[in-house]
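Data from work.cif: mmCIF, C-alpha atoms
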data_query
loop_
_atom_site.label_atom_id
_atom_site.label_comp_id
_atom_site.auth_asym_id
_atom_site.auth_seq_id
_atom_site.Cartn_x
_atom_site.Cartn_y
_atom_site.Cartn_z
CA MET A 137 7.22 -22.91 3.41
CA THR A 138 4.12 -20.69 3.40
CA GLN A 139 2.11 -19.82 0.30
CA PRO A 140 3.02 -16.82 -1.88
CA LEU A 141 1.37 -13.61 -0.64
CA THR A 142 -0.30 -11.02 -2.87
CA VAL A 143 0.74 -8.24 -0.48
CA LEU A 144 4.38 -9.23 -1.12
CA GLY A 145 4.02 -9.44 -4.88
CA GLY A 146 3.72 -13.20 -5.04
CA ILE A 147 6.74 -14.15 -2.97
CA THR A 148 6.50 -16.08 0.30
CA ALA A 149 6.91 -14.60 3.75
CA GLU A 150 10.11 -16.62 4.16
CA GLN A 151 11.56 -15.10 0.97
CA PHE A 152 10.62 -11.60 2.09
CA LEU A 153 12.13 -12.02 5.55
CA THR A 154 15.32 -13.51 4.12
CA GLU A 155 15.88 -11.18 1.18
CA TYR A 156 14.15 -7.87 2.01
CA TRP A 157 13.28 -7.42 5.70
CA GLN A 158 15.61 -4.75 7.15
CA LYS A 159 17.80 -5.10 4.04
CA LYS A 160 16.30 -3.55 0.91
CA PRO A 161 13.05 -2.03 -0.40
CA LEU A 162 10.23 -3.85 -2.16
CA LEU A 163 7.67 -2.30 -4.51
CA VAL A 164 4.42 -4.20 -5.11
CA ARG A 165 1.81 -2.89 -7.52
CA ASN A 166 -1.84 -3.33 -6.51
CA ALA A 167 -0.78 -5.09 -3.31
CA MET A 168 -3.70 -3.87 -1.20
CA PRO A 169 -6.63 -2.77 -3.38
CA GLU A 170 -9.05 -3.03 -0.43
CA ILE A 171 -7.51 0.10 1.13
CA ILE A 172 -8.69 2.28 -1.76
CA GLY A 173 -11.44 4.65 -0.62
CA MET A 174 -11.36 3.39 2.96
CA LEU A 175 -10.82 6.98 4.04
CA GLU A 176 -11.34 10.17 2.04
CA PRO A 177 -9.26 13.36 2.43
CA ASN A 178 -12.05 15.13 4.33
CA ASP A 179 -12.27 12.18 6.76
CA VAL A 180 -8.62 12.68 7.66
CA LYS A 181 -8.96 16.43 8.16
CA GLU A 182 -12.01 15.94 10.37
CA LEU A 183 -10.26 13.26 12.41
CA ALA A 184 -7.22 15.50 12.95
CA VAL A 185 -9.20 18.01 15.04
CA GLU A 186 -10.86 15.41 17.29
CA ASP A 187 -9.93 15.18 20.98
CA HIS A 188 -7.06 12.81 21.86
CA VAL A 189 -6.03 12.39 18.21
CA SER A 190 -2.29 12.77 17.63
CA ALA A 191 -1.72 14.82 14.48
CA ARG A 192 0.87 17.11 12.92
CA LEU A 193 0.43 19.88 10.38
CA ILE A 194 3.57 20.54 8.32
CA ARG A 195 3.83 23.65 6.17
CA GLN A 196 6.40 24.90 3.68
CA LYS A 197 6.64 28.65 3.24
CA ASP A 198 5.46 29.93 -0.16
CA LYS A 199 8.40 32.29 -0.63
CA ASN A 200 10.94 29.80 0.68
CA PRO A 201 9.92 26.13 0.43
CA ASN A 202 13.10 25.23 2.32
CA GLU A 203 11.61 26.87 5.42
CA TRP A 204 9.40 24.42 7.29
CA HIS A 205 6.84 24.94 10.04
CA LEU A 206 5.34 22.29 12.30
CA LYS A 207 2.28 22.37 14.54
CA SER A 208 1.35 19.32 16.61
CA SER A 209 -2.06 18.47 18.06
CA PRO A 210 -4.33 19.70 19.35
CA LEU A 211 -5.26 21.11 15.96
CA THR A 212 -8.33 23.22 15.22
CA LYS A 213 -10.33 23.95 12.09
CA GLY A 214 -8.71 27.39 12.08
CA ASP A 215 -5.32 25.78 11.43
CA PHE A 216 -6.56 24.77 7.99
CA GLN A 217 -7.41 28.34 6.97
CA LYS A 218 -5.02 30.31 4.74
CA LEU A 219 -2.62 27.42 4.27
CA PRO A 220 0.38 27.80 1.97
CA LYS A 221 0.53 25.97 -1.36
CA LEU A 222 2.67 23.16 0.09
CA TRP A 223 1.53 21.42 3.25
CA THR A 224 0.98 17.95 4.71
CA LEU A 225 -1.23 16.56 7.47
CA LEU A 226 -0.08 13.49 9.43
CA VAL A 227 -2.54 11.63 11.66
CA GLN A 228 -1.28 8.82 13.90
CA ALA A 229 -3.06 5.63 14.90
CA VAL A 230 -5.92 5.83 12.42
CA ASP A 231 -6.32 2.08 12.92
CA HIS A 232 -7.70 2.88 16.39
CA TYR A 233 -10.60 4.76 14.80
CA SER A 234 -11.35 2.54 11.81
CA PHE A 235 -12.05 -1.14 12.42
CA ASP A 236 -11.78 -1.87 8.69
CA LEU A 237 -8.33 -0.30 8.60
CA ALA A 238 -7.23 -2.17 11.74
CA GLU A 239 -8.22 -5.41 10.01
CA LEU A 240 -5.53 -4.75 7.38
CA TRP A 241 -2.82 -5.62 9.92
CA LYS A 242 -3.78 -9.19 9.01
CA LYS A 243 -2.06 -8.61 5.67
CA PHE A 244 1.24 -8.89 7.57
CA PRO A 245 0.86 -12.14 9.58
CA PHE A 246 4.59 -12.84 9.26
CA ILE A 247 5.55 -9.98 11.63
CA PRO A 248 4.54 -10.46 15.31
CA GLN A 249 1.99 -8.17 16.90
CA TRP A 250 4.47 -6.77 19.44
CA ARG A 251 6.45 -5.16 16.61
CA ARG A 252 3.44 -3.13 15.45
CA ASP A 253 3.50 0.60 16.09
CA ASP A 254 0.43 2.06 14.42
CA ILE A 255 -1.01 2.99 11.04
CA MET A 256 -0.40 6.64 10.20
CA VAL A 257 -2.11 8.42 7.33
CA SER A 258 -0.54 11.30 5.42
CA TYR A 259 -2.72 13.73 3.48
CA ALA A 260 -1.21 16.24 1.07
CA PRO A 261 -2.34 18.39 -1.87
CA LYS A 262 -0.21 18.40 -5.03
CA GLY A 263 3.44 19.05 -4.15
CA GLY A 264 3.01 18.36 -0.43
CA SER A 265 5.77 16.50 1.37
CA VAL A 266 7.49 15.97 4.72
CA GLY A 267 10.91 16.36 3.14
CA LYS A 268 13.88 14.08 2.65
CA HIS A 269 14.31 11.92 5.76
CA PHE A 270 14.82 8.44 7.17
CA ASP A 271 13.25 6.38 9.95
CA PHE A 272 14.69 3.95 12.49
CA TYR A 273 11.83 1.49 11.95
CA ASP A 274 10.34 -0.72 9.22
CA VAL A 275 7.44 0.76 7.27
CA PHE A 276 5.07 -0.39 4.55
CA LEU A 277 3.84 2.66 2.61
CA VAL A 278 0.47 1.98 0.96
CA GLN A 279 -1.25 4.44 -1.36
CA GLY A 280 -4.94 4.85 -0.55
CA HIS A 281 -5.96 7.84 -2.67
CA GLY A 282 -4.26 9.80 -5.44
CA HIS A 283 -0.61 9.39 -6.39
CA ARG A 284 2.71 10.00 -4.67
CA CYS A 285 6.21 9.91 -6.13
CA TRP A 286 8.79 8.17 -3.95
CA GLN A 287 12.55 8.51 -4.21
CA LEU A 288 14.84 6.22 -2.21
CA GLY A 289 18.48 6.94 -1.54
CA GLN A 290 21.38 6.08 0.73
CA MET A 291 21.36 4.26 4.06
CA CYS A 292 21.62 6.50 7.13
CA ASP A 293 22.32 6.00 10.84
CA GLU A 294 22.62 7.88 14.13
CA THR A 295 25.69 9.77 12.81
CA THR A 296 23.81 11.22 9.80
CA GLN A 297 23.69 15.01 9.75
CA PHE A 298 20.39 16.88 9.47
CA VAL A 299 19.55 20.28 8.03
CA PRO A 300 20.04 22.76 10.92
CA ASN A 301 17.40 25.08 12.34
CA GLN A 302 14.37 23.14 11.09
CA PRO A 303 11.53 21.62 13.17
CA LEU A 304 11.89 18.31 11.30
CA LYS A 305 14.88 15.97 10.97
CA LEU A 306 15.54 16.62 7.31
CA LEU A 307 18.34 15.47 5.03
CA SER A 308 19.90 18.04 2.71
CA GLU A 309 20.23 15.55 -0.16
CA ILE A 310 19.63 11.91 -0.98
CA ASP A 311 21.48 9.79 -3.51
CA VAL A 312 18.51 8.65 -5.58
CA HIS A 313 18.52 4.97 -6.59
CA PHE A 314 14.73 4.53 -6.89
CA ASP A 315 12.16 6.88 -8.41
CA GLU A 316 8.59 5.58 -8.78
CA VAL A 317 5.02 6.89 -8.58
CA LEU A 318 2.64 4.86 -6.41
CA ALA A 319 -1.01 4.58 -7.47
CA PRO A 320 -3.91 3.59 -5.19
CA GLY A 321 -3.36 0.09 -3.79
CA ASP A 322 0.41 0.08 -4.43
CA LEU A 323 2.81 -0.79 -1.60
CA LEU A 324 6.42 0.16 -0.93
CA TYR A 325 8.41 -1.46 1.88
CA VAL A 326 11.18 0.77 3.27
CA PRO A 327 13.70 -0.78 5.69
CA PRO A 328 15.13 1.12 8.69
CA GLY A 329 17.73 3.75 7.87
CA LEU A 330 16.94 4.04 4.15
CA SER A 331 16.50 7.68 3.13
CA HIS A 332 13.27 8.44 1.30
CA TYR A 333 11.38 11.39 -0.13
CA GLY A 334 7.69 11.36 -1.05
CA VAL A 335 5.95 14.15 -2.98
CA ALA A 336 2.23 14.22 -3.77
CA GLU A 337 1.51 14.16 -7.50
CA ASP A 338 -2.09 15.19 -6.81
CA GLU A 339 -4.37 15.22 -3.76
CA CYS A 340 -3.37 12.00 -2.03
CA LEU A 341 -3.52 9.80 1.06
CA THR A 342 -0.65 7.49 2.00
CA TYR A 343 -0.87 4.96 4.84
CA SER A 344 2.24 4.03 6.82
CA PHE A 345 2.12 0.61 8.49
CA GLY A 346 4.90 1.10 11.01
CA PHE A 347 6.81 -1.69 12.77
CA ARG A 348 8.96 -0.22 15.53
CA MET A 349 11.45 -1.93 17.83
CA SER A 350 11.55 -0.93 21.49
CA ASN A 351 14.74 0.51 22.92
CA ILE A 352 17.01 -0.77 25.69
CA SER A 353 16.49 2.36 27.78
CA GLY A 354 12.73 1.83 27.89
CA MET A 355 13.05 -1.82 28.81
CA ILE A 356 15.52 -1.07 31.62
CA ASP A 357 13.24 1.66 32.94
CA ARG A 358 10.30 -0.80 33.06
CA ILE A 359 12.48 -3.47 34.70
CA SER A 360 13.56 -1.02 37.39
CA ASP A 361 9.89 -0.24 38.09
CA GLN A 362 9.24 -3.96 38.50
CA PHE A 363 12.15 -4.36 40.91
CA ALA A 364 11.17 -1.23 42.85
CA THR A 365 7.83 -2.78 43.84
CA ASP A 366 9.39 -6.08 45.01
CA GLU A 367 9.30 -5.95 48.82
CA LEU A 368 12.07 -8.55 49.21
CA LEU A 369 14.42 -6.44 47.12
CA GLN A 370 13.73 -3.45 49.38
CA ASN A 371 15.45 -5.20 52.30
CA PRO A 372 19.09 -4.20 53.00
CA VAL A 373 21.65 -6.55 51.48
CA VAL A 374 24.05 -8.53 53.64
CA ASP A 375 27.40 -6.82 53.95
CA ILE A 376 30.49 -8.29 52.33
CA ALA A 377 32.67 -10.48 54.54
CA ARG A 378 35.21 -7.97 55.82
CA LYS A 379 38.82 -8.99 56.43
CA ASN A 380 40.81 -5.83 55.84
CA ILE A 381 40.43 -2.24 57.00
CA SER A 382 39.71 0.06 54.05
CA GLN A 383 39.79 3.82 53.59
CA VAL A 384 36.53 5.36 54.80
CA GLY A 385 36.00 7.31 51.58
CA GLU A 386 36.57 4.39 49.23
CA ILE A 387 34.51 1.59 47.72
CA ASN A 388 37.26 -0.85 46.90
CA PRO A 389 37.19 -3.20 43.87
CA GLU A 390 36.08 -6.21 45.94
CA GLU A 391 33.14 -4.27 47.43
CA LEU A 392 32.11 -2.88 44.06
CA ALA A 393 32.25 -6.36 42.48
CA TYR A 394 30.14 -7.75 45.34
CA LEU A 395 27.43 -5.09 44.87
CA ARG A 396 27.50 -5.47 41.10
CA ASP A 397 27.09 -9.25 41.38
CA LEU A 398 24.03 -8.78 43.60
CA VAL A 399 22.38 -6.62 40.96
CA LEU A 400 23.37 -8.92 38.08
CA ALA A 401 22.01 -11.93 39.98
CA GLN A 402 18.57 -10.30 40.01
CA LEU A 403 18.82 -9.51 36.30
CA GLN A 404 19.36 -13.23 35.72
CA ASN A 405 16.00 -13.95 37.39
CA SER A 406 14.17 -14.76 34.17
CA SER A 407 10.64 -14.79 35.63
CA VAL A 408 10.91 -11.23 36.97
CA LEU A 409 12.78 -10.02 33.90
CA ASP A 410 10.36 -11.63 31.46
CA ALA A 411 7.35 -10.22 33.31
CA ALA A 412 8.82 -6.70 33.17
CA ILE A 413 9.58 -6.96 29.45
CA MET A 414 6.14 -8.39 28.67
CA ALA A 415 4.48 -5.57 30.62
CA TYR A 416 6.58 -3.00 28.78
CA MET A 417 5.83 -4.50 25.36
CA THR A 418 2.08 -4.36 25.96
CA GLU A 419 1.93 -0.75 27.17
CA PRO A 420 -0.36 1.12 24.74
CA LYS A 421 1.32 3.95 22.85
CA TYR A 422 -1.90 5.97 22.76
CA PRO A 423 -3.74 5.14 26.01
CA ASP A 424 -6.22 7.98 25.45
CA ASN A 425 -7.44 6.13 22.35
CA ILE A 426 -8.65 3.16 24.40
CA PRO A 427 -12.42 3.58 24.61
CA GLU A 428 -14.28 3.85 27.88
CA PRO A 429 -16.46 0.74 27.94
CA ASP A 430 -20.02 0.45 29.13
CA GLU A 431 -19.64 -1.63 32.28
CA ILE A 432 -20.80 -5.16 31.61
CA GLU A 433 -21.68 -7.98 34.00
CA ILE A 434 -21.88 -11.75 33.70
CA GLU A 435 -25.67 -11.58 33.43
CA ASP A 436 -25.31 -9.36 30.36
CA LEU A 437 -23.07 -11.93 28.70
CA ASN A 438 -25.36 -14.82 29.53
CA ALA A 439 -28.17 -12.98 27.75
CA ILE A 440 -26.30 -12.91 24.42
CA LEU A 441 -24.52 -16.29 24.47
CA SER A 442 -26.53 -17.67 21.55
CA GLU A 443 -26.89 -14.49 19.47
CA GLY A 444 -23.79 -14.87 17.27
CA TYR A 445 -21.43 -12.34 18.86
CA GLU A 446 -17.65 -12.68 18.43
CA LEU A 447 -14.75 -11.71 20.68
CA LEU A 448 -11.72 -9.93 19.24
CA LEU A 449 -8.91 -7.60 20.21
CA GLU A 450 -9.72 -3.93 20.80
CA PRO A 451 -7.67 -2.11 18.09
CA ALA A 452 -6.21 0.47 20.51
CA SER A 453 -5.11 -2.18 23.04
CA ARG A 454 -2.19 -4.59 23.15
CA LEU A 455 -2.44 -8.25 24.16
CA LEU A 456 0.52 -10.65 24.20
CA TYR A 457 1.26 -14.08 25.60
CA LYS A 458 4.19 -16.38 26.27
CA GLU A 459 4.35 -20.07 27.03
CA GLN A 460 6.11 -21.11 30.23
CA ASN A 461 6.36 -24.78 31.23
CA GLY A 462 3.45 -25.62 28.98
CA VAL A 463 1.23 -22.90 30.46
CA LEU A 464 0.12 -19.78 28.59
CA LYS A 465 0.61 -16.48 30.42
CA PHE A 466 -0.95 -13.24 29.19
CA TRP A 467 -0.24 -9.52 29.45
CA GLY A 468 -2.53 -6.72 28.28
CA ASN A 469 -2.01 -2.95 28.26
CA GLY A 470 0.99 -3.17 30.57
CA GLU A 471 -0.48 -5.55 33.14
CA ASP A 472 -0.28 -9.32 33.67
CA LEU A 473 -3.66 -11.01 33.25
CA PRO A 474 -4.82 -13.89 35.47
CA ILE A 475 -6.49 -16.07 32.83
CA VAL A 476 -8.06 -19.44 33.64
CA GLU A 477 -6.58 -22.36 31.74
CA SER A 478 -9.94 -23.22 30.15
CA PHE A 479 -9.98 -19.84 28.35
CA ALA A 480 -6.28 -19.68 27.44
CA THR A 481 -6.60 -21.26 23.98
CA GLN A 482 -9.35 -18.85 22.91
CA LEU A 483 -7.53 -15.80 24.26
CA LYS A 484 -4.36 -16.91 22.47
CA ALA A 485 -6.34 -16.91 19.22
CA ILE A 486 -7.58 -13.38 19.96
CA ALA A 487 -4.02 -12.19 20.60
CA ASP A 488 -3.04 -13.77 17.29
CA GLY A 489 -5.55 -11.54 15.51
CA LYS A 490 -8.41 -13.99 15.15
CA SER A 491 -12.02 -13.59 16.25
CA VAL A 492 -13.52 -16.16 18.61
CA PRO A 493 -17.23 -17.10 18.60
CA PHE A 494 -18.92 -16.12 21.84
CA ASN A 495 -21.14 -19.12 22.48
CA ASN A 496 -22.00 -21.81 25.01
CA LYS A 497 -18.44 -23.18 24.95
CA LEU A 498 -17.51 -20.08 26.96
CA SER A 499 -20.43 -20.26 29.38
CA SER A 500 -18.61 -21.43 32.52
CA SER A 501 -18.54 -18.88 35.34
CA ASP A 502 -14.74 -18.64 35.53
CA ILE A 503 -14.41 -18.00 31.78
CA LEU A 504 -17.21 -15.41 31.88
CA GLU A 505 -15.45 -13.64 34.77
CA ASN A 506 -12.30 -13.40 32.64
CA ILE A 507 -14.26 -12.10 29.66
CA VAL A 508 -16.08 -9.51 31.76
CA GLN A 509 -12.79 -8.17 33.11
CA LEU A 510 -11.18 -8.04 29.67
CA LEU A 511 -14.21 -6.25 28.21
CA ASN A 512 -14.38 -3.75 31.06
CA ASP A 513 -10.65 -3.06 30.65
CA SER A 514 -11.20 -2.57 26.89
CA ILE A 515 -8.58 -5.19 26.04
CA ILE A 516 -11.07 -7.18 23.98
CA MET A 517 -14.38 -6.20 22.39
CA LEU A 518 -17.66 -7.83 21.36
CA LEU A 519 -18.49 -7.76 17.68
CA PRO A 520 -22.23 -8.05 17.03
CA PRO A 521 -23.48 -10.53 14.41
CA ALA A 522 -23.70 -9.32 10.84
CA GLU A 523 -27.19 -8.29 9.88
#

Translate this file's structure into structure tokens.
Amino acid sequence: MTQPLTVLGGITAEQFLTEYWQKKPLLVRNAMPEIIGMLEPNDVKELAVEDHVSARLIRQKDKNPNEWHLKSSPLTKGDFQKLPKLWTLLVQAVDHYSFDLAELWKKFPFIPQWRRDDIMVSYAPKGGSVGKHFDFYDVFLVQGHGHRCWQLGQMCDETTQFVPNQPLKLLSEIDVHFDEVLAPGDLLYVPPGLSHYGVAEDECLTYSFGFRMSNISGMIDRISDQFATDELLQNPVVDIARKNISQVGEINPEELAYLRDLVLAQLQNSSVLDAAIMAYMTEPKYPDNIPEPDEIEIEDLNAILSEGYELLLEPASRLLYKEQNGVLKFWGNGEDLPIVESFATQLKAIADGKSVPFNNKLSSSDILENIVQLLNDSIIMLLPPAE
């Protein structure tokens, strides 16, 4: 069993996964004090108007707070003029713009990287909210600035009715079973489907560490793309052995079963299926956030081998691996990566969220070629030595 974790209030990861994960909420006071002051309200407002940033401005009408208005990015500075009393700003993927914030994913080492969605920040003045709602994913809500009151209610699902004629999926009421104010550093875990309602007690920032599951539709779509590029599968199939004359307008049950079995046989091809799923799971949600790198060459790397640099994952990119017959295979940003065996252990560590010293142990030409490609694709990054 692992050691008790401060972020979980002193219980172990095994206890959390058994008793709370996707089952019930957990409140932990002062779970993440290092997040306090990491961003200020003005930082969030300035980030919201930057190019490629995904943000939403939610307003409640002064005369009728039950009337909601939503504007999605691109936002401009003019959108923040003459705002009503009650409003909220949501900015997605702030971990892609703050390395310190991205490092806080390490507080949740018991949930695999492929489940991560992003870290969203919510800014609101006193009284601001996004209404009563629920999500289909796991979220850790962490207070970074100010105070927010959270109410938790009933479990919901795809049959739950929403308030009509609103731009947000809002619940008319929640059956309150939990009513607490979160202070800076406090954490609240909310499982999928649990209704919740957060209202700012004063000017506040709340971070949402979201863990989202992929859907079957998306996986099937990616698998079909993989099959569509397979030249062997583009050849006509052999016709069924014909014994009886059938009606010209009919596909009879035997023919339909034959065609279905051909398709199902390909779906049982684990190597093709696994590759498609791995590619899908590593597709970046915000590809525009991936930085354009300065092109680097092997000679550039050789020049800094002994200067104390470290290799680590680019926060906006996704890197995953699987072990097959004792060999590690890697995928990054939707593509399979041809990685030499001598670099596999180090790249595995990077995918696991660790930093790897860039030194003479990585000086062979084949490893440097891998590193150059990964750097130029912005899958990994070089961290300079601390001054």

List every residue of segment 149-231 of chain A that has an atom at most 8 Å from any atom of segment 281-301 of chain A, giving for each one its closest atom pair and the distance in Å to one decimal, counting all atoms listed in the file, sorted by chain and then by ascending residue number, as JSON lines.
{"residue": "A:Ile172", "atom": "CA", "partner": "A:His281", "partner_atom": "CA", "distance": 6.3}
{"residue": "A:Gly173", "atom": "CA", "partner": "A:His281", "partner_atom": "CA", "distance": 6.7}
{"residue": "A:Glu176", "atom": "CA", "partner": "A:His281", "partner_atom": "CA", "distance": 7.5}

Enumerate, as a tab-separated table (two decimals) with C-alpha atoms, in the frame of the given file, the residues matched when the PyMOL selection byres ((chain A and resi 436-446) around 12) is run on the file above.
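Below you can see result_16.tsv, which holds the result:
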chain	number	residue	atom	x	y	z
A	430	ASP	CA	-20.02	0.45	29.13
A	431	GLU	CA	-19.64	-1.63	32.28
A	432	ILE	CA	-20.80	-5.16	31.61
A	433	GLU	CA	-21.68	-7.98	34.00
A	434	ILE	CA	-21.88	-11.75	33.70
A	435	GLU	CA	-25.67	-11.58	33.43
A	447	LEU	CA	-14.75	-11.71	20.68
A	448	LEU	CA	-11.72	-9.93	19.24
A	449	LEU	CA	-8.91	-7.60	20.21
A	482	GLN	CA	-9.35	-18.85	22.91
A	486	ILE	CA	-7.58	-13.38	19.96
A	490	LYS	CA	-8.41	-13.99	15.15
A	491	SER	CA	-12.02	-13.59	16.25
A	492	VAL	CA	-13.52	-16.16	18.61
A	493	PRO	CA	-17.23	-17.10	18.60
A	494	PHE	CA	-18.92	-16.12	21.84
A	495	ASN	CA	-21.14	-19.12	22.48
A	496	ASN	CA	-22.00	-21.81	25.01
A	497	LYS	CA	-18.44	-23.18	24.95
A	498	LEU	CA	-17.51	-20.08	26.96
A	499	SER	CA	-20.43	-20.26	29.38
A	500	SER	CA	-18.61	-21.43	32.52
A	501	SER	CA	-18.54	-18.88	35.34
A	503	ILE	CA	-14.41	-18.00	31.78
A	504	LEU	CA	-17.21	-15.41	31.88
A	505	GLU	CA	-15.45	-13.64	34.77
A	506	ASN	CA	-12.30	-13.40	32.64
A	507	ILE	CA	-14.26	-12.10	29.66
A	508	VAL	CA	-16.08	-9.51	31.76
A	509	GLN	CA	-12.79	-8.17	33.11
A	511	LEU	CA	-14.21	-6.25	28.21
A	516	ILE	CA	-11.07	-7.18	23.98
A	517	MET	CA	-14.38	-6.20	22.39
A	518	LEU	CA	-17.66	-7.83	21.36
A	519	LEU	CA	-18.49	-7.76	17.68
A	520	PRO	CA	-22.23	-8.05	17.03
A	521	PRO	CA	-23.48	-10.53	14.41
A	522	ALA	CA	-23.70	-9.32	10.84
A	523	GLU	CA	-27.19	-8.29	9.88

Any chance you could resolve the PyMOL selection byres ((chain A and resi 238) around 10) against this file and give the residues as a PDB file with C-alpha atoms, in the frame of the given file?
ATOM      1  CA  ALA A 229      -3.060   5.630  14.900  1.00  0.00           C
ATOM      2  CA  VAL A 230      -5.920   5.830  12.420  1.00  0.00           C
ATOM      3  CA  ASP A 231      -6.320   2.080  12.920  1.00  0.00           C
ATOM      4  CA  HIS A 232      -7.700   2.880  16.390  1.00  0.00           C
ATOM      5  CA  TYR A 233     -10.600   4.760  14.800  1.00  0.00           C
ATOM      6  CA  SER A 234     -11.350   2.540  11.810  1.00  0.00           C
ATOM      7  CA  PHE A 235     -12.050  -1.140  12.420  1.00  0.00           C
ATOM      8  CA  ASP A 236     -11.780  -1.870   8.690  1.00  0.00           C
ATOM      9  CA  LEU A 237      -8.330  -0.300   8.600  1.00  0.00           C
ATOM     10  CA  GLU A 239      -8.220  -5.410  10.010  1.00  0.00           C
ATOM     11  CA  LEU A 240      -5.530  -4.750   7.380  1.00  0.00           C
ATOM     12  CA  TRP A 241      -2.820  -5.620   9.920  1.00  0.00           C
ATOM     13  CA  LYS A 242      -3.780  -9.190   9.010  1.00  0.00           C
ATOM     14  CA  ASP A 254       0.430   2.060  14.420  1.00  0.00           C
ATOM     15  CA  ILE A 255      -1.010   2.990  11.040  1.00  0.00           C
ATOM     16  CA  GLU A 450      -9.720  -3.930  20.800  1.00  0.00           C
ATOM     17  CA  PRO A 451      -7.670  -2.110  18.090  1.00  0.00           C
ATOM     18  CA  ALA A 452      -6.210   0.470  20.510  1.00  0.00           C
TER      19      ALA A 452
END

Expanded to explicit residues, what is the PyMOL selection byres ((chain A and resi 327) around 10) for this file, as a PDB file with C-alpha atoms, keeping the file's coordinate frame?
ATOM      1  CA  TYR A 156      14.150  -7.870   2.010  1.00  0.00           C
ATOM      2  CA  TRP A 157      13.280  -7.420   5.700  1.00  0.00           C
ATOM      3  CA  GLN A 158      15.610  -4.750   7.150  1.00  0.00           C
ATOM      4  CA  LYS A 159      17.800  -5.100   4.040  1.00  0.00           C
ATOM      5  CA  LYS A 160      16.300  -3.550   0.910  1.00  0.00           C
ATOM      6  CA  PRO A 161      13.050  -2.030  -0.400  1.00  0.00           C
ATOM      7  CA  LEU A 162      10.230  -3.850  -2.160  1.00  0.00           C
ATOM      8  CA  PHE A 270      14.820   8.440   7.170  1.00  0.00           C
ATOM      9  CA  ASP A 271      13.250   6.380   9.950  1.00  0.00           C
ATOM     10  CA  PHE A 272      14.690   3.950  12.490  1.00  0.00           C
ATOM     11  CA  TYR A 273      11.830   1.490  11.950  1.00  0.00           C
ATOM     12  CA  ASP A 274      10.340  -0.720   9.220  1.00  0.00           C
ATOM     13  CA  VAL A 275       7.440   0.760   7.270  1.00  0.00           C
ATOM     14  CA  PHE A 276       5.070  -0.390   4.550  1.00  0.00           C
ATOM     15  CA  MET A 291      21.360   4.260   4.060  1.00  0.00           C
ATOM     16  CA  LEU A 324       6.420   0.160  -0.930  1.00  0.00           C
ATOM     17  CA  TYR A 325       8.410  -1.460   1.880  1.00  0.00           C
ATOM     18  CA  VAL A 326      11.180   0.770   3.270  1.00  0.00           C
ATOM     19  CA  PRO A 328      15.130   1.120   8.690  1.00  0.00           C
ATOM     20  CA  GLY A 329      17.730   3.750   7.870  1.00  0.00           C
ATOM     21  CA  LEU A 330      16.940   4.040   4.150  1.00  0.00           C
ATOM     22  CA  SER A 331      16.500   7.680   3.130  1.00  0.00           C
ATOM     23  CA  PHE A 347       6.810  -1.690  12.770  1.00  0.00           C
TER      24      PHE A 347
END

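Take the candidates A:Arg348, A:Lys465, A:Arg378, A:Lys197 and check each one against Gln249 of chain A using all atoms listed in the file; the shortest distance goes to A:Arg348.
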
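Across the structure, atom CA of Leu141 of chain A and atom CA of Met168 of chain A are spaced 11.0 Å apart.
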
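If all atoms listed in the file are the atoms counted, then among A:Asp397, A:Thr154, A:Arg454, A:Gly385 the closest residue to Ile426 of chain A is A:Arg454.
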
Separation of atom CA of Gln402 of chain A from atom CA of Glu477 of chain A in Å: 29.1 Å

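Residues in contact with Tyr343 of chain A at up to 9 Å, not including ones fewer than 4 positions away on its chain and judged by all atoms listed in the file, are A:Ile255, A:Met256, A:Val257, A:Ser258, A:Phe276, A:Leu277, A:Val278, A:Gln279, A:Gly280.
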
Expected axis-aligned box over every listed atom of segment 465-478 of chain A, 8 Å added per side, centre plus edges in Å to one decimal, as lines of an AutoDock Vina configuration file:
center_x = -4.5
center_y = -13.1
center_z = 31.9
size_x = 26.9
size_y = 36.3
size_z = 23.2

Distance criterion (all atoms listed in the file): nearest to Lys221 of chain A out of A:Leu392, A:Leu175, A:Ala167, A:Ala260: A:Ala260

A:Leu222, A:Ala480, A:Ala336, A:Met417 ranked by distance to Glu203 of chain A, top pick (using only C-alpha atoms): A:Leu222

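Within a radius of 9 Å around (-8.0, 18.8, 10.0), the polymer residues are Asn178, Asp179, Val180, Lys181, Glu182, Leu183, Ala184, Val185, Glu186, Ala191, Leu193, Leu211, Thr212, Lys213, Gly214, Asp215, Phe216 and Leu225 of chain A, counting all atoms listed in the file.
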
Separation of atom CA of Thr148 of chain A from atom CA of Glu316 of chain A, in Å and rounded to one decimal: 23.6 Å

Nearest candidate to Leu226 of chain A (options A:Asn200, A:Asn380, A:Gln362, A:Ser190; using only C-alpha atoms): A:Ser190

Residue with smallest distance to Lys268 of chain A - pool A:Ser308, A:Asn425, A:Ser350, A:Gln217, counting only C-alpha atoms: A:Ser308
